[in-house]
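Peer 1: Just protein12.txt, nothing more (compact mmCIF, C-alpha atoms and all ligand atoms):
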```txt
# COMPACT_ATOMS: atom_id res chain seq x y z
CA MET A 1 100.85 79.09 63.27
CA LYS A 2 98.59 79.10 66.34
CA SER A 3 94.82 79.03 66.07
CA ILE A 4 92.64 81.84 67.42
CA ALA A 5 91.43 79.51 70.19
CA GLU A 6 95.04 78.79 71.20
CA ILE A 7 95.91 82.49 71.32
CA LEU A 8 92.84 83.19 73.46
CA LYS A 9 93.77 80.34 75.77
CA GLU A 10 97.25 81.85 76.24
CA ILE A 11 95.76 85.18 77.27
CA ARG A 12 93.06 83.76 79.56
CA PRO A 13 93.86 80.12 80.34
CA GLU A 14 91.04 79.90 82.88
CA PHE A 15 88.26 80.17 80.27
CA ASP A 16 86.92 77.78 77.65
CA PHE A 17 86.48 80.07 74.66
CA THR A 18 84.92 77.40 72.48
CA THR A 19 81.71 77.37 74.55
CA SER A 20 80.90 81.10 74.52
CA GLN A 21 79.30 83.19 71.80
CA ASP A 22 79.92 86.47 73.59
CA PHE A 23 83.32 86.79 75.22
CA ILE A 24 82.62 90.36 76.32
CA SER A 25 79.33 89.90 78.15
CA ASP A 26 80.52 86.59 79.58
CA GLY A 27 83.36 88.58 81.18
CA MET A 28 86.05 86.53 79.41
CA LEU A 29 87.81 89.44 77.70
CA ASP A 30 88.06 93.03 78.89
CA SER A 31 89.30 96.06 77.00
CA PHE A 32 92.89 95.48 78.17
CA ASP A 33 92.82 91.84 77.09
CA ILE A 34 91.68 93.03 73.66
CA VAL A 35 94.82 95.17 73.33
CA THR A 36 96.98 92.10 74.12
CA LEU A 37 94.92 89.94 71.79
CA VAL A 38 95.31 92.38 68.89
CA SER A 39 99.09 92.36 69.15
CA SER A 40 99.17 88.52 69.33
CA LEU A 41 96.85 88.24 66.31
CA ASP A 42 98.96 90.79 64.39
CA LYS A 43 102.15 88.78 65.03
CA ASN A 44 100.68 85.34 64.51
CA PHE A 45 98.73 86.10 61.32
CA SER A 46 101.21 88.70 59.97
CA VAL A 47 98.58 91.42 59.72
CA SER A 48 98.08 94.85 61.21
CA ILE A 49 94.55 95.17 62.57
CA PRO A 50 93.70 98.87 62.20
CA GLY A 51 92.80 100.92 65.29
CA THR A 52 89.40 101.60 63.72
CA GLU A 53 88.54 97.90 63.99
CA ILE A 54 89.32 97.59 67.68
CA LEU A 55 85.67 97.49 68.67
CA PRO A 56 84.09 95.05 71.15
CA GLU A 57 81.77 93.63 68.48
CA ASN A 58 84.78 92.35 66.51
CA PHE A 59 85.94 90.30 69.51
CA GLN A 60 82.65 88.73 70.54
CA ASN A 61 83.49 85.18 69.51
CA ILE A 62 85.85 83.12 67.36
CA GLN A 63 83.79 83.73 64.20
CA THR A 64 83.85 87.53 64.55
CA ILE A 65 87.63 87.41 65.19
CA GLU A 66 88.04 85.25 62.06
CA ALA A 67 86.01 87.76 60.06
CA LEU A 68 88.15 90.58 61.40
CA LEU A 69 91.35 88.77 60.41
CA ARG A 70 90.02 88.13 56.91
CA LYS A 71 89.09 91.80 56.60
CA SER A 72 92.64 92.69 57.71
CA GLY A 73 94.10 90.48 54.97
CA ALA A 74 94.97 87.27 56.84
CA ALA A 75 94.64 83.85 55.26
CA THR A 76 92.68 82.15 58.06
CA MET B 1 84.51 122.61 76.71
CA THR B 2 80.84 121.87 76.09
CA PRO B 3 78.43 119.51 77.87
CA VAL B 4 77.88 116.18 76.14
CA GLN B 5 74.16 115.57 75.49
CA THR B 6 73.96 112.04 74.08
CA VAL B 7 75.87 108.79 74.21
CA SER B 8 76.09 108.67 70.43
CA GLN B 9 77.90 112.03 70.45
CA VAL B 10 80.68 110.32 72.43
CA PHE B 11 80.90 107.20 70.29
CA ASP B 12 80.61 109.15 67.02
CA ALA B 13 83.42 111.49 68.08
CA ILE B 14 85.64 108.54 68.94
CA GLN B 15 84.87 106.87 65.62
CA GLN B 16 85.76 110.07 63.83
CA ALA B 17 89.12 110.30 65.62
CA LYS B 18 89.77 106.63 64.79
CA ALA B 19 88.84 106.90 61.11
CA GLY B 20 91.90 106.31 58.98
CA ALA B 21 94.17 106.55 62.04
CA PRO B 22 96.19 103.36 62.50
CA ASP B 23 98.16 104.99 65.36
CA PHE B 24 95.01 105.98 67.24
CA CYS B 25 95.77 106.41 70.94
CA THR B 26 93.46 106.77 73.89
CA ASN B 27 93.00 106.32 77.62
CA PHE B 28 89.23 106.08 77.20
CA PHE B 29 87.50 102.67 77.26
CA PRO B 30 83.91 103.80 77.65
CA VAL B 31 81.13 101.53 78.83
CA GLN B 32 77.84 102.71 77.35
CA ARG B 33 75.82 102.42 80.58
CA LYS B 34 78.37 104.47 82.54
CA VAL B 35 78.60 107.13 79.85
CA GLN B 36 74.81 107.39 79.90
CA ASP B 37 74.85 107.92 83.69
CA TRP B 38 77.52 110.62 83.44
CA ILE B 39 75.52 112.43 80.75
CA SER B 40 72.23 112.25 82.64
CA HIS B 41 73.96 113.70 85.70
CA GLY B 42 75.51 116.51 83.66
CA GLU B 43 79.04 115.29 84.45
CA LEU B 44 80.49 114.82 80.98
CA PHE B 45 82.01 117.57 78.83
CA ALA B 46 83.99 117.46 75.61
CA GLU B 47 86.46 119.54 73.70
CA LEU B 48 86.86 118.64 70.05
CA ARG B 49 90.11 119.42 68.30
CA HIS B 50 91.20 118.73 64.77
CA ASP B 51 93.09 115.51 65.55
CA ALA B 52 91.95 114.77 69.08
CA ILE B 53 89.04 114.84 71.50
CA PHE B 54 89.28 115.51 75.20
CA PHE B 55 86.49 114.39 77.53
CA TYR B 56 86.19 115.79 81.04
CA ARG B 57 84.17 114.02 83.70
CA ARG B 58 83.28 115.99 86.78
CA ASP B 59 83.98 114.19 90.06
CA ARG B 60 83.50 116.02 93.38
CA ASP B 61 85.89 119.02 93.21
CA PHE B 62 88.00 117.95 90.21
CA TRP B 63 87.89 116.42 86.72
CA HIS B 64 88.92 113.10 85.18
CA LEU B 65 90.40 113.59 81.74
CA TYR B 66 90.07 111.14 78.85
CA TYR B 67 91.60 111.64 75.44
CA CYS B 68 91.33 110.08 71.99
CA ALA B 69 93.87 111.18 69.40
CA SER B 70 94.60 110.13 65.86
CA SER B 71 98.25 109.54 66.82
CA LYS B 72 100.75 110.13 69.61
CA THR B 73 102.21 113.00 67.59
CA ALA B 74 98.78 114.61 67.30
CA LEU B 75 98.25 114.24 71.03
CA HIS B 76 101.68 115.73 71.76
CA ARG B 77 100.79 118.68 69.51
CA GLU B 78 97.34 119.29 71.01
CA ILE B 79 98.11 119.01 74.74
CA PRO B 80 99.80 122.43 75.11
CA THR B 81 96.90 124.15 73.33
CA VAL B 82 94.18 123.05 75.77
CA ALA B 83 93.75 125.84 78.31
CA GLU B 84 91.68 123.77 80.80
CA LEU B 85 94.68 121.57 81.46
CA ARG B 86 96.22 124.54 83.27
CA THR B 87 93.13 126.17 84.76
CA GLU B 88 91.14 123.23 86.20
CA PRO B 89 92.13 120.53 88.72
CA ILE B 90 92.55 117.44 86.54
CA VAL B 91 93.67 113.84 86.93
CA LEU B 92 94.10 111.26 84.22
CA ASP B 93 94.84 107.56 84.14
CA LEU B 94 97.29 105.90 81.77
CA VAL B 95 96.83 102.16 81.73
CA GLY B 96 99.17 99.71 80.06
CA LYS B 97 101.83 97.10 80.49
CA GLU B 98 104.54 98.07 82.96
CA GLY B 99 107.10 100.16 81.06
CA ASP B 100 104.83 100.98 78.08
CA ALA B 101 103.49 104.23 79.47
CA SER B 102 106.76 106.17 79.84
CA ALA B 103 106.55 108.14 76.56
CA ALA B 104 102.96 109.17 77.20
CA ILE B 105 103.80 110.17 80.78
CA GLY B 106 106.56 112.42 79.42
CA ASP B 107 104.07 114.31 77.24
CA TRP B 108 101.83 114.97 80.19
CA GLU B 109 104.73 115.89 82.47
CA SER B 110 105.80 118.57 80.04
CA ALA B 111 102.24 119.93 80.22
CA GLY B 112 102.57 120.39 84.00
CA PHE B 113 101.23 117.04 85.20
CA ARG B 114 103.01 114.95 87.83
CA ARG B 115 102.91 111.27 88.79
CA TYR B 116 100.32 111.20 91.51
CA SER B 117 100.04 107.49 92.20
CA ARG B 118 100.52 104.11 90.62
CA LEU B 119 98.06 101.26 90.80
CA PHE B 120 98.57 97.75 89.57
CA ARG B 121 96.16 95.04 88.64
CA MET B 122 96.06 91.76 90.52
CA SER B 123 94.09 88.70 89.53
CA ARG B 124 93.33 85.25 90.79
CA THR B 125 91.43 82.32 89.35
CA SER B 126 88.77 80.41 91.25
CA THR B 127 91.31 77.64 91.78
CA ASP B 128 93.78 79.98 93.55
CA ALA B 129 91.52 79.80 96.59
CA ASN B 130 92.85 80.10 100.10
CA GLY B 131 90.45 78.13 102.31
CA ASP B 132 87.39 79.96 100.98
CA LYS B 133 85.04 77.85 103.04
CA THR B 134 86.16 79.02 106.53
CA GLU B 135 83.21 79.86 108.78
CA SER B 136 83.14 83.30 110.37
CA THR B 137 81.05 84.70 113.20
CA THR B 138 80.74 88.13 111.52
CA LYS B 139 77.46 88.38 109.64
CA ILE B 140 77.77 89.65 106.08
CA GLU B 141 74.81 90.92 104.10
CA PHE B 142 74.01 93.03 101.07
CA ALA B 143 73.83 96.76 101.75
CA VAL B 144 70.42 98.41 101.37
CA VAL B 145 69.77 101.80 99.76
CA PRO B 146 69.56 103.73 103.08
CA ASP B 147 73.19 102.57 103.69
CA ALA B 148 74.42 104.61 100.71
CA LYS B 149 75.42 107.63 102.80
CA ALA B 150 77.42 105.54 105.29
CA VAL B 151 79.02 103.56 102.45
CA LEU B 152 80.11 106.79 100.79
CA GLU B 153 81.52 108.15 104.04
CA LEU B 154 83.54 105.01 104.71
CA LEU B 155 84.90 105.01 101.14
CA GLU B 156 85.88 108.67 101.38
CA ARG B 157 87.64 108.08 104.69
CA ALA B 158 89.50 104.98 103.54
CA PHE B 159 90.54 106.04 100.00
CA ASP B 160 92.06 108.94 98.14
CA ARG B 161 89.46 110.55 95.85
CA PHE B 162 92.00 111.64 93.23
CA GLY B 163 93.68 108.29 92.82
CA GLU B 164 91.01 105.66 93.31
CA GLN B 165 87.97 106.47 91.09
CA LEU B 166 85.59 106.63 94.03
CA PRO B 167 81.91 106.28 93.19
CA VAL B 168 79.50 109.12 93.96
CA ARG B 169 76.18 108.74 95.78
CA TYR B 170 74.02 107.72 92.80
CA GLU B 171 76.59 105.13 91.68
CA ILE B 172 76.62 103.65 95.17
CA GLU B 173 72.82 103.49 95.18
CA SER B 174 72.69 101.66 91.88
CA ALA B 175 75.46 99.26 92.97
CA ILE B 176 73.46 98.55 96.13
CA GLN B 177 70.34 97.90 94.06
CA ALA B 178 72.35 95.54 91.85
CA GLN B 179 73.54 93.68 95.00
CA GLN B 180 77.17 94.61 94.48
CA VAL B 181 77.90 95.97 97.95
CA LEU B 182 78.42 93.66 100.91
CA VAL B 183 78.54 95.05 104.44
CA ALA B 184 79.41 93.94 107.95
CA ARG B 185 77.59 95.79 110.73
CA HIS B 186 78.53 96.57 114.29
CA GLN B 187 75.80 97.92 116.58
CA GLY B 188 73.87 99.19 113.59
CA ASP B 189 76.82 100.99 111.97
CA ILE B 190 78.73 99.80 108.95
CA ALA B 191 81.99 98.27 110.19
CA GLY B 192 83.23 97.20 106.77
CA LEU B 193 82.25 96.85 103.13
CA LEU B 194 83.21 95.09 99.95
CA PHE B 195 82.15 96.67 96.66
CA PHE B 196 82.36 94.51 93.55
CA GLU B 197 81.15 94.13 89.97
CA THR B 198 80.55 90.71 88.48
CA GLN B 199 80.09 90.23 84.76
CA GLY B 200 79.74 86.70 83.49
CA PHE B 201 82.75 84.67 84.58
CA SER B 202 84.76 87.68 85.85
CA SER B 203 84.43 89.71 88.99
CA THR B 204 86.18 92.97 89.84
CA LEU B 205 86.67 93.86 93.48
CA ARG B 206 86.37 97.63 93.45
CA PHE B 207 86.72 98.50 97.15
CA TRP B 208 87.36 96.61 100.35
CA ALA B 209 87.36 98.73 103.48
CA VAL B 210 86.96 98.31 107.20
CA ALA B 211 86.44 101.24 109.58
CA THR B 212 89.69 101.97 111.44
CA GLU B 213 88.37 100.89 114.85
CA HIS B 214 87.32 97.48 113.48
CA ARG B 215 90.49 96.61 111.59
CA ALA B 216 92.57 93.50 112.30
CA LEU B 217 89.52 91.83 113.91
CA LYS B 218 88.67 89.59 110.93
CA VAL B 219 85.91 91.83 109.59
CA GLY B 220 87.82 92.16 106.32
CA SER B 221 88.33 88.42 106.29
CA ALA B 222 84.60 87.73 106.72
CA LEU B 223 83.75 90.09 103.84
CA MET B 224 86.33 88.62 101.50
CA ARG B 225 85.47 85.03 102.26
CA HIS B 226 81.75 85.69 101.85
CA TYR B 227 82.47 87.36 98.50
CA PHE B 228 84.46 84.40 97.17
CA ALA B 229 82.00 81.87 98.49
CA THR B 230 79.03 83.53 96.80
CA GLN B 231 80.60 84.08 93.36
CA ASN B 232 80.20 80.49 92.29
CA ALA B 233 80.19 81.06 88.54
CA VAL B 234 83.23 83.35 88.58
CA LYS B 235 86.48 81.98 87.23
CA ARG B 236 88.55 85.14 87.28
CA PHE B 237 88.78 87.71 90.06
CA VAL B 238 90.55 91.01 89.40
CA LEU B 239 91.22 94.24 91.27
CA TRP B 240 93.33 97.37 91.11
CA VAL B 241 95.36 98.40 94.12
CA ALA B 242 97.63 101.35 94.88
CA ALA B 243 101.21 100.09 94.74
CA ASP B 244 102.08 101.84 98.00
CA ASN B 245 99.20 100.21 99.90
CA VAL B 246 101.44 97.48 101.27
CA ASN B 247 98.83 96.35 103.82
CA ALA B 248 96.24 95.65 101.11
CA VAL B 249 98.74 94.16 98.64
CA GLN B 250 99.89 91.63 101.27
CA LYS B 251 96.33 90.69 102.16
CA TYR B 252 95.32 90.28 98.52
CA GLY B 253 98.39 88.10 98.04
CA HIS B 254 97.21 86.03 100.99
CA TYR B 255 93.94 85.39 99.12
CA GLY B 256 95.75 84.25 95.99
CA TYR B 257 95.73 87.48 93.94
CA LYS B 258 98.92 88.06 91.93
CA PRO B 259 100.07 91.08 89.87
CA ASP B 260 99.21 90.42 86.22
CA GLY B 261 101.42 93.02 84.57
CA LEU B 262 98.95 95.87 84.01
CA VAL B 263 99.63 99.20 85.66
CA ASP B 264 97.68 102.44 85.93
CA TYR B 265 99.65 105.65 86.31
CA VAL B 266 97.49 108.37 87.81
CA LEU B 267 98.75 111.80 86.76
CA ALA B 268 97.58 115.06 88.28
CA ASN B 269 98.13 118.69 87.42
CA GLN B 270 99.33 121.40 89.81
CA LEU B 271 95.80 122.34 90.87
CA VAL B 272 95.26 118.91 92.41
CA ARG B 273 96.52 118.90 95.98
CA SER B 274 96.29 115.82 98.14
C1 LIG C 301 92.41 96.06 103.87
C2 LIG C 301 91.39 96.01 104.99
C3 LIG C 301 89.99 96.04 104.37
C4 LIG C 301 91.56 94.70 105.76
O1 LIG C 301 90.54 94.59 106.75
P1 LIG C 301 90.82 93.91 108.19
O2 LIG C 301 89.51 93.68 108.86
O3 LIG C 301 91.81 94.71 108.94
O4 LIG C 301 91.46 92.52 107.74
P2 LIG C 301 91.56 91.15 108.54
O5 LIG C 301 92.15 91.38 109.88
O6 LIG C 301 90.24 90.47 108.52
O7 LIG C 301 92.59 90.37 107.61
C5 LIG C 301 92.22 89.94 106.34
C6 LIG C 301 93.06 88.72 105.99
O8 LIG C 301 94.43 89.11 105.81
C7 LIG C 301 95.27 88.26 106.61
N1 LIG C 301 96.43 89.05 106.99
C8 LIG C 301 96.58 89.87 108.05
N2 LIG C 301 97.82 90.44 108.03
C9 LIG C 301 98.43 89.96 106.94
C10 LIG C 301 99.73 90.17 106.36
N3 LIG C 301 100.60 91.01 106.92
N4 LIG C 301 100.03 89.51 105.22
C11 LIG C 301 99.14 88.68 104.64
N5 LIG C 301 97.90 88.45 105.14
C12 LIG C 301 97.56 89.07 106.28
C13 LIG C 301 94.39 87.86 107.77
O9 LIG C 301 94.86 86.69 108.41
C14 LIG C 301 93.06 87.65 107.07
O10 LIG C 301 93.06 86.39 106.39
P3 LIG C 301 92.10 85.14 106.78
O11 LIG C 301 90.81 85.36 106.03
O12 LIG C 301 92.84 83.95 106.26
O13 LIG C 301 91.90 85.15 108.26
C15 LIG C 301 91.59 97.21 105.98
O14 LIG C 301 92.94 97.20 106.40
C16 LIG C 301 91.27 98.56 105.37
O15 LIG C 301 90.12 99.00 105.40
N6 LIG C 301 92.30 99.26 104.81
C17 LIG C 301 92.06 100.55 104.19
C18 LIG C 301 91.37 100.42 102.84
C19 LIG C 301 92.17 99.57 101.88
O16 LIG C 301 93.37 99.76 101.75
N7 LIG C 301 91.48 98.65 101.19
C20 LIG C 301 92.12 97.76 100.23
C21 LIG C 301 92.29 98.37 98.89
S1 LIG C 301 90.77 98.27 97.93
```
Here is a file; write its structure as structure tokens.
Peer 2:
Amino acid sequence: MKSIAEILKEIRPEFDFTTSQDFISDGMLDSFDIVTLVSSLDKNFSVSIPGTEILPENFQNIQTIEALLRKSGAAT
Amino acid sequence: MTPVQTVSQVFDAIQQAKAGAPDFCTNFFPVQRKVQDWISHGELFAELRHDAIFFYRRDRDFWHLYYCASSKTALHREIPTVAELRTEPIVLDLVGKEGDASAAIGDWESAGFRRYSRLFRMSRTSTDANGDKTESTTKIEFAVVPDAKAVLELLERAFDRFGEQLPVRYEIESAIQAQQVLVARHQGDIAGLLFFETQGFSSTLRFWAVATEHRALKVGSALMRHYFATQNAVKRFVLWVAADNVNAVQKYGHYGYKPDGLVDYVLANQLVRS
């Protein structure tokens, strides 16, 4: 199973996601990247992140993505 | 449809459509600051349905349509019941991976919309540079607010208002104030411009245009090279370009931009005539 950091790196290899606390305002993820990210997270962690949770604040940094995965039932 | 009065009205309505809807579908990715501008200029209207919301944004002599629906089935059911879709000139954008949009396009085609144009996204990283440091004799500077009228005129001459999300006067003025519009001048007139938005490590090139009589004289080159050279912190450059704009696509390719798989189908109803 890949880590969240590895999945992010696959989507945007040019950024170092471990150094940012706000991927959105640092311009590292846009709304289209989030759609790709959700489907990779769904597959990798065998969850189905509900549409209602696809909000920028859930994708701000690795911790908020972890929290989202836990909420969606993943064993992170 | 009724005028939208507050930003929270928009976000609350979207939340409501999303609630308990795992198949939620939308073409609306609102940015709070932009929504606020549209509302303060009286440009945003909404139509609430049981399972869907339609937002209309006034632009010049037509409307941009955005929808949020609890599911594709709900959207399919609601589209034929919205009278404005047949009585007002409307365009809408469907953005997604190449190939993903076909079912949604079908729904809109059966409601009288046609494929108006197709844009695709291109991106480059800061390491895909193509000799960014070349010196040029053309002086490039930031536009100033009194340039807004000339900037608007050049944009309206160079681009199609239905297909390219052209800014209006107040948006140009605030982009100028935010130092997001570069210009090249010739005898006091604007010979070319480059309009961009930088956020953190990403920069979007929104428009690059040179007046017809100054084309192929390296004005575009000077603008582009100045842009790259001054965006030191940016790691990712993106833009959207009309697929049939072969001239621009080739030039972007020359600067290291490559298609990244996202496409934007612009659909228009019968009342939109190019
Ligand atoms: C696109 C546009 C801005 C280019 O401006 P221009 O002043 O004619 O461009 P230039 O002559 O400076 O050429 C720009 C670069 O493309 C290169 N180029 C020219 N023809 C080319 C071709 N066929 N293929 C690849 N690169 C080419 C030039 O060598 C130059 O590169 P350089 O910096 O290495 O010298 C201009 O054609 C225009 O306004 N078009 C209408 C609006 C538009 O379509 N804008 C783009 C979409 S946002």
Peer 1: Could you tell me, counting all atoms listed in the file, which protein and nucleic acid residues lie no more than 7 Å from ligand LIG 301 (chain C), written as a list in words?
Peer 2: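 Protein and nucleic-acid residues within 7 Å of ligand LIG 301 (chain C): Ala158, Phe159, Arg206, Phe207, Trp208, Ala209, Val210, Ala211, Thr212, His214, Arg215, Ala216, Leu217, Lys218, Val219, Gly220, Ser221, Ala222, Arg225, Val241, Asn245, Asn247, Ala248, Gln250, Lys251, Gly253 and His254 of chain B.
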Peer 1: Compute the chain B side of the contact with chain A at 9 Å, counting all atoms listed in the file, and hand it back as a list in words.
Peer 2: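 For chain B, the answer reads Gln15, Ala17, Lys18, Ala19, Gly20, Ala21, Pro22, Asp23, Phe24, Cys25, Phe29, Val95, Gly96, Thr125, Ser126, Thr198, Gln199, Gly200, Phe201, Ser202, Ser203, Lys235, Arg236 and Leu262 of chain B.
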Peer 1: Just C-alpha atoms for this one: save the residues we selected as an mmCIF file, keeping the file's coordinate frame.
Peer 2:
```cif
data_model
loop_
_atom_site.group_PDB
_atom_site.id
_atom_site.type_symbol
_atom_site.label_atom_id
_atom_site.label_comp_id
_atom_site.auth_asym_id
_atom_site.auth_seq_id
_atom_site.Cartn_x
_atom_site.Cartn_y
_atom_site.Cartn_z
ATOM 1 C CA GLN B 15 84.870 106.870 65.620
ATOM 2 C CA ALA B 17 89.120 110.300 65.620
ATOM 3 C CA LYS B 18 89.770 106.630 64.790
ATOM 4 C CA ALA B 19 88.840 106.900 61.110
ATOM 5 C CA GLY B 20 91.900 106.310 58.980
ATOM 6 C CA ALA B 21 94.170 106.550 62.040
ATOM 7 C CA PRO B 22 96.190 103.360 62.500
ATOM 8 C CA ASP B 23 98.160 104.990 65.360
ATOM 9 C CA PHE B 24 95.010 105.980 67.240
ATOM 10 C CA CYS B 25 95.770 106.410 70.940
ATOM 11 C CA PHE B 29 87.500 102.670 77.260
ATOM 12 C CA VAL B 95 96.830 102.160 81.730
ATOM 13 C CA GLY B 96 99.170 99.710 80.060
ATOM 14 C CA THR B 125 91.430 82.320 89.350
ATOM 15 C CA SER B 126 88.770 80.410 91.250
ATOM 16 C CA THR B 198 80.550 90.710 88.480
ATOM 17 C CA GLN B 199 80.090 90.230 84.760
ATOM 18 C CA GLY B 200 79.740 86.700 83.490
ATOM 19 C CA PHE B 201 82.750 84.670 84.580
ATOM 20 C CA SER B 202 84.760 87.680 85.850
ATOM 21 C CA SER B 203 84.430 89.710 88.990
ATOM 22 C CA LYS B 235 86.480 81.980 87.230
ATOM 23 C CA ARG B 236 88.550 85.140 87.280
ATOM 24 C CA LEU B 262 98.950 95.870 84.010
#
```
Peer 1: List the neighbours of region 8-11 of chain A out to 8 Å using only C-alpha atoms; skip same-chain residues closer than 6 positions along the sequence, and give me the result as a VMD selection string.
Peer 2: chain A and resid 17 33 36 to 37
Peer 1: Would you mind listing what lies within 9 Å of region 149-156 of chain B as a list in words, with only C-alpha atoms counted and same-chain residues fewer than 3 positions away left out?
Peer 2: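 Residues near the query, excluding close chain neighbours: Ala143, Val145, Pro146, Phe159, Asp160, Arg161, Leu166, Pro167, Val168, Arg169, Ile172, Val181, Val183, Asp189, Ile190, Ala191, Gly192, Leu193, Phe207, Trp208, Ala209, Val210 and Ala211 of chain B.
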Peer 1: Just to be explicit: take each residue in the selection above, keep C-alpha atoms, and write the result as a PDB file, keeping the file's coordinate frame.
Peer 2:
```pdb
ATOM      1  CA  ALA B 143      73.830  96.760 101.750  1.00  0.00           C
ATOM      2  CA  VAL B 145      69.770 101.800  99.760  1.00  0.00           C
ATOM      3  CA  PRO B 146      69.560 103.730 103.080  1.00  0.00           C
ATOM      4  CA  PHE B 159      90.540 106.040 100.000  1.00  0.00           C
ATOM      5  CA  ASP B 160      92.060 108.940  98.140  1.00  0.00           C
ATOM      6  CA  ARG B 161      89.460 110.550  95.850  1.00  0.00           C
ATOM      7  CA  LEU B 166      85.590 106.630  94.030  1.00  0.00           C
ATOM      8  CA  PRO B 167      81.910 106.280  93.190  1.00  0.00           C
ATOM      9  CA  VAL B 168      79.500 109.120  93.960  1.00  0.00           C
ATOM     10  CA  ARG B 169      76.180 108.740  95.780  1.00  0.00           C
ATOM     11  CA  ILE B 172      76.620 103.650  95.170  1.00  0.00           C
ATOM     12  CA  VAL B 181      77.900  95.970  97.950  1.00  0.00           C
ATOM     13  CA  VAL B 183      78.540  95.050 104.440  1.00  0.00           C
ATOM     14  CA  ASP B 189      76.820 100.990 111.970  1.00  0.00           C
ATOM     15  CA  ILE B 190      78.730  99.800 108.950  1.00  0.00           C
ATOM     16  CA  ALA B 191      81.990  98.270 110.190  1.00  0.00           C
ATOM     17  CA  GLY B 192      83.230  97.200 106.770  1.00  0.00           C
ATOM     18  CA  LEU B 193      82.250  96.850 103.130  1.00  0.00           C
ATOM     19  CA  PHE B 207      86.720  98.500  97.150  1.00  0.00           C
ATOM     20  CA  TRP B 208      87.360  96.610 100.350  1.00  0.00           C
ATOM     21  CA  ALA B 209      87.360  98.730 103.480  1.00  0.00           C
ATOM     22  CA  VAL B 210      86.960  98.310 107.200  1.00  0.00           C
ATOM     23  CA  ALA B 211      86.440 101.240 109.580  1.00  0.00           C
TER      24      ALA B 211
END
```
Peer 1: Quick one: pull the distance between CA of Arg121 (chain B) and CA of Leu239 (chain B), Å, one decimal.
Peer 2: 5.7 Å
